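Everything below belongs to model13.cif, which stores mmCIF, C-alpha atoms, pLDDT in the B column; chains and numbers go by the auth columns.
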data_my_file
#
loop_
_atom_site.group_PDB
_atom_site.id
_atom_site.type_symbol
_atom_site.label_atom_id
_atom_site.label_comp_id
_atom_site.label_asym_id
_atom_site.label_seq_id
_atom_site.Cartn_x
_atom_site.Cartn_y
_atom_site.Cartn_z
_atom_site.B_iso_or_equiv
_atom_site.auth_seq_id
_atom_site.auth_asym_id
ATOM 1 C CA LYS A 1 -75.981 -31.102 -38.296 62.00 2 A
ATOM 2 C CA THR A 2 -77.637 -31.023 -41.656 71.00 3 A
ATOM 3 C CA GLN A 3 -74.679 -30.772 -44.028 76.00 4 A
ATOM 4 C CA PRO A 4 -73.174 -34.014 -45.401 72.00 5 A
ATOM 5 C CA LEU A 5 -69.651 -34.768 -44.299 75.00 6 A
ATOM 6 C CA GLN A 6 -66.990 -37.215 -45.351 77.00 7 A
ATOM 7 C CA VAL A 7 -65.602 -39.767 -42.954 77.00 8 A
ATOM 8 C CA PHE A 8 -62.049 -41.053 -43.242 84.00 9 A
ATOM 9 C CA GLU A 9 -60.337 -44.090 -41.784 86.00 10 A
ATOM 10 C CA VAL A 10 -56.972 -43.318 -40.170 90.00 11 A
ATOM 11 C CA LEU A 11 -54.752 -46.115 -41.431 90.00 12 A
ATOM 12 C CA ASP A 12 -51.786 -45.084 -39.300 92.00 13 A
ATOM 13 C CA ALA A 13 -53.796 -46.026 -36.207 91.00 14 A
ATOM 14 C CA LEU A 14 -54.130 -49.641 -37.353 92.00 15 A
ATOM 15 C CA PRO A 15 -51.740 -52.506 -36.608 94.00 16 A
ATOM 16 C CA PRO A 16 -49.151 -52.902 -39.410 94.00 17 A
ATOM 17 C CA GLU A 17 -50.660 -56.092 -40.899 92.00 18 A
ATOM 18 C CA VAL A 18 -54.163 -54.570 -40.987 91.00 19 A
ATOM 19 C CA ARG A 19 -52.844 -51.326 -42.462 92.00 20 A
ATOM 20 C CA GLN A 20 -51.069 -53.292 -45.210 93.00 21 A
ATOM 21 C CA SER A 21 -54.243 -55.244 -45.973 90.00 22 A
ATOM 22 C CA ARG A 22 -56.167 -51.986 -46.410 91.00 23 A
ATOM 23 C CA LEU A 23 -53.409 -50.515 -48.571 93.00 24 A
ATOM 24 C CA ASP A 24 -53.430 -53.650 -50.737 92.00 25 A
ATOM 25 C CA THR A 25 -57.085 -52.999 -51.620 92.00 26 A
ATOM 26 C CA LEU A 26 -56.846 -49.209 -51.872 93.00 27 A
ATOM 27 C CA ASP A 27 -57.221 -49.080 -55.672 96.00 28 A
ATOM 28 C CA MET A 28 -60.257 -51.357 -55.493 96.00 29 A
ATOM 29 C CA HIS A 29 -61.665 -49.175 -52.687 94.00 30 A
ATOM 30 C CA ASN A 30 -61.280 -46.024 -54.765 94.00 31 A
ATOM 31 C CA GLU A 31 -62.925 -47.715 -57.757 97.00 32 A
ATOM 32 C CA ALA A 32 -65.830 -48.876 -55.570 96.00 33 A
ATOM 33 C CA ILE A 33 -66.344 -45.392 -54.123 92.00 34 A
ATOM 34 C CA VAL A 34 -66.400 -43.848 -57.608 93.00 35 A
ATOM 35 C CA ALA A 35 -68.970 -46.432 -58.741 94.00 36 A
ATOM 36 C CA TYR A 36 -71.044 -45.811 -55.598 91.00 37 A
ATOM 37 C CA GLU A 37 -71.008 -42.037 -56.108 87.00 38 A
ATOM 38 C CA ARG A 38 -72.050 -42.483 -59.748 88.00 39 A
ATOM 39 C CA GLY A 39 -74.993 -44.610 -58.664 88.00 40 A
ATOM 40 C CA GLU A 40 -73.441 -47.733 -60.193 91.00 41 A
ATOM 41 C CA PHE A 41 -74.428 -49.745 -57.149 92.00 42 A
ATOM 42 C CA GLU A 42 -74.087 -53.225 -58.634 94.00 43 A
ATOM 43 C CA SER A 43 -70.477 -52.533 -59.629 95.00 44 A
ATOM 44 C CA ALA A 44 -69.785 -50.979 -56.234 95.00 45 A
ATOM 45 C CA ARG A 45 -71.410 -53.946 -54.476 96.00 46 A
ATOM 46 C CA LYS A 46 -69.179 -56.431 -56.268 97.00 47 A
ATOM 47 C CA LEU A 47 -66.044 -54.485 -55.368 98.00 48 A
ATOM 48 C CA PHE A 48 -67.036 -53.993 -51.729 97.00 49 A
ATOM 49 C CA ALA A 49 -67.819 -57.724 -51.473 97.00 50 A
ATOM 50 C CA ARG A 50 -64.392 -58.634 -52.885 96.00 51 A
ATOM 51 C CA MET A 51 -62.684 -56.327 -50.388 96.00 52 A
ATOM 52 C CA LEU A 52 -64.664 -57.766 -47.483 95.00 53 A
ATOM 53 C CA GLU A 53 -63.786 -61.267 -48.639 95.00 54 A
ATOM 54 C CA ALA A 54 -60.101 -60.290 -48.579 92.00 55 A
ATOM 55 C CA ASP A 55 -60.415 -58.667 -45.131 91.00 56 A
ATOM 56 C CA PRO A 56 -63.542 -59.769 -43.205 93.00 57 A
ATOM 57 C CA ALA A 57 -62.590 -57.484 -40.292 90.00 58 A
ATOM 58 C CA ASP A 58 -62.831 -54.333 -42.449 93.00 59 A
ATOM 59 C CA SER A 59 -65.894 -52.829 -40.772 90.00 60 A
ATOM 60 C CA PRO A 60 -65.992 -49.614 -42.873 90.00 61 A
ATOM 61 C CA ILE A 61 -66.260 -51.774 -45.999 94.00 62 A
ATOM 62 C CA ALA A 62 -68.934 -53.919 -44.328 94.00 63 A
ATOM 63 C CA VAL A 63 -70.930 -50.726 -43.719 91.00 64 A
ATOM 64 C CA MET A 64 -70.501 -49.599 -47.337 92.00 65 A
ATOM 65 C CA LEU A 65 -71.545 -53.041 -48.621 95.00 66 A
ATOM 66 C CA SER A 66 -74.634 -52.962 -46.406 94.00 67 A
ATOM 67 C CA ARG A 67 -75.590 -49.451 -47.573 90.00 68 A
ATOM 68 C CA THR A 68 -75.045 -50.437 -51.191 92.00 69 A
ATOM 69 C CA ASN A 69 -77.251 -53.516 -50.781 93.00 70 A
ATOM 70 C CA GLU A 70 -79.968 -51.333 -49.228 89.00 71 A
ATOM 71 C CA LEU A 71 -79.831 -48.901 -52.152 88.00 72 A
ATOM 72 C CA ILE A 72 -80.024 -51.765 -54.660 90.00 73 A
ATOM 73 C CA ALA A 73 -82.983 -53.312 -52.807 91.00 74 A
ATOM 74 C CA ALA A 74 -84.772 -49.950 -52.714 86.00 75 A
ATOM 75 C CA GLY A 75 -84.162 -49.401 -56.423 84.00 76 A
ATOM 76 C CA ARG A 76 -82.619 -46.055 -55.590 72.00 77 A
ATOM 77 C CA ALA A 77 -80.954 -44.101 -58.351 63.00 78 A
ATOM 78 C CA THR A 78 -78.733 -41.136 -57.686 59.00 79 A
ATOM 79 C CA THR A 79 -76.739 -38.589 -59.619 54.00 80 A
ATOM 80 C CA GLY A 80 -74.465 -37.717 -56.720 58.00 81 A
ATOM 81 C CA PRO A 81 -73.056 -39.304 -53.636 61.00 82 A
ATOM 82 C CA PRO A 82 -75.863 -40.946 -51.646 60.00 83 A
ATOM 83 C CA VAL A 83 -76.224 -39.513 -48.177 65.00 84 A
ATOM 84 C CA THR A 84 -77.046 -41.686 -45.181 67.00 85 A
ATOM 85 C CA ARG A 85 -78.940 -39.836 -42.484 67.00 86 A
ATOM 86 C CA LEU A 86 -78.008 -41.058 -39.025 67.00 87 A
ATOM 87 C CA GLU A 87 -80.790 -40.506 -36.532 72.00 88 A
ATOM 88 C CA THR A 88 -78.989 -41.882 -33.462 69.00 89 A
ATOM 89 C CA LYS A 89 -75.429 -42.082 -32.202 64.00 90 A
#
Serialized structure, structure tokens:
Amino acid sequence: KTQPLQVFEVLDALPPEVRQSRLDTLDMHNEAIVAYERGEFESARKLFARMLEADPADSPIAVMLSRTNELIAAGRATTGPPVTRLETK
């Protein structure tokens, strides 16, 4: 596949306490995603780090924090959502 796609986390599949934790940080998540898509990686990094601090088991946020750190380290600028190319499953 060569077209970018969005990935969603199904909150209803999570245990109630985990689901509530994710819902509690939903506004911060949305703000971080907007910053990330605008290329405001330092702002996004700070928000992702705060969310991971609140819920260390949130692996999708850990992935986003890692990708954001990689983009900051590479000095990458973007005018649209960065795309991560996965070469292996």
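Comparing the minimum interatomic distances between Asp56 of chain A and each of A:Asn31, A:Gln4, A:Asn70, A:Gln21, counting all atoms listed in the file, we find that A:Gln21 sits nearest.
Across the structure, atom CA of Leu48 of chain A and atom CA of Val19 of chain A are spaced 18.7 Å apart.
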Neighbours of Leu53 of chain A within 8 Å (only C-alpha atoms; same-chain residues fewer than 4 positions away dropped), as a list in words? Phe49, Pro57, Ala58, Asp59, Ile62 and Ala63 of chain A
Taking the file as shown, what set of residues would the PyMOL selection byres ((chain A and resi 36) around 12) give back, as a list in words? Met29, His30, Asn31, Glu32, Ala33, Ile34, Val35, Tyr37, Glu38, Arg39, Gly40, Glu41, Phe42, Glu43, Ser44, Ala45, Arg46, Lys47, Leu48, Phe49, Met65, Thr69, Thr79, Thr80, Gly81, Pro82 and Pro83 of chain A
Selection from above, C-alpha atoms, as a PDB file, in the frame of the given file, can you write it?
ATOM      1  CA  MET A  29     -60.257 -51.357 -55.493  1.00 96.00           C
ATOM      2  CA  HIS A  30     -61.665 -49.175 -52.687  1.00 94.00           C
ATOM      3  CA  ASN A  31     -61.280 -46.024 -54.765  1.00 94.00           C
ATOM      4  CA  GLU A  32     -62.925 -47.715 -57.757  1.00 97.00           C
ATOM      5  CA  ALA A  33     -65.830 -48.876 -55.570  1.00 96.00           C
ATOM      6  CA  ILE A  34     -66.344 -45.392 -54.123  1.00 92.00           C
ATOM      7  CA  VAL A  35     -66.400 -43.848 -57.608  1.00 93.00           C
ATOM      8  CA  TYR A  37     -71.044 -45.811 -55.598  1.00 91.00           C
ATOM      9  CA  GLU A  38     -71.008 -42.037 -56.108  1.00 87.00           C
ATOM     10  CA  ARG A  39     -72.050 -42.483 -59.748  1.00 88.00           C
ATOM     11  CA  GLY A  40     -74.993 -44.610 -58.664  1.00 88.00           C
ATOM     12  CA  GLU A  41     -73.441 -47.733 -60.193  1.00 91.00           C
ATOM     13  CA  PHE A  42     -74.428 -49.745 -57.149  1.00 92.00           C
ATOM     14  CA  GLU A  43     -74.087 -53.225 -58.634  1.00 94.00           C
ATOM     15  CA  SER A  44     -70.477 -52.533 -59.629  1.00 95.00           C
ATOM     16  CA  ALA A  45     -69.785 -50.979 -56.234  1.00 95.00           C
ATOM     17  CA  ARG A  46     -71.410 -53.946 -54.476  1.00 96.00           C
ATOM     18  CA  LYS A  47     -69.179 -56.431 -56.268  1.00 97.00           C
ATOM     19  CA  LEU A  48     -66.044 -54.485 -55.368  1.00 98.00           C
ATOM     20  CA  PHE A  49     -67.036 -53.993 -51.729  1.00 97.00           C
ATOM     21  CA  MET A  65     -70.501 -49.599 -47.337  1.00 92.00           C
ATOM     22  CA  THR A  69     -75.045 -50.437 -51.191  1.00 92.00           C
ATOM     23  CA  THR A  79     -78.733 -41.136 -57.686  1.00 59.00           C
ATOM     24  CA  THR A  80     -76.739 -38.589 -59.619  1.00 54.00           C
ATOM     25  CA  GLY A  81     -74.465 -37.717 -56.720  1.00 58.00           C
ATOM     26  CA  PRO A  82     -73.056 -39.304 -53.636  1.00 61.00           C
ATOM     27  CA  PRO A  83     -75.863 -40.946 -51.646  1.00 60.00           C
TER      28      PRO A  83
END
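We find atom CA of Val11 of chain A and atom CA of Arg23 of chain A to be spaced 10.7 Å apart.
One finds atom CA of Ser67 of chain A at 13.4 Å from atom CA of Arg51 of chain A.
Minimum distance to Ala50 of chain A across A:Pro5, A:Leu72, A:Glu18, A:Thr26 (counting all atoms listed in the file) occurs at A:Thr26.
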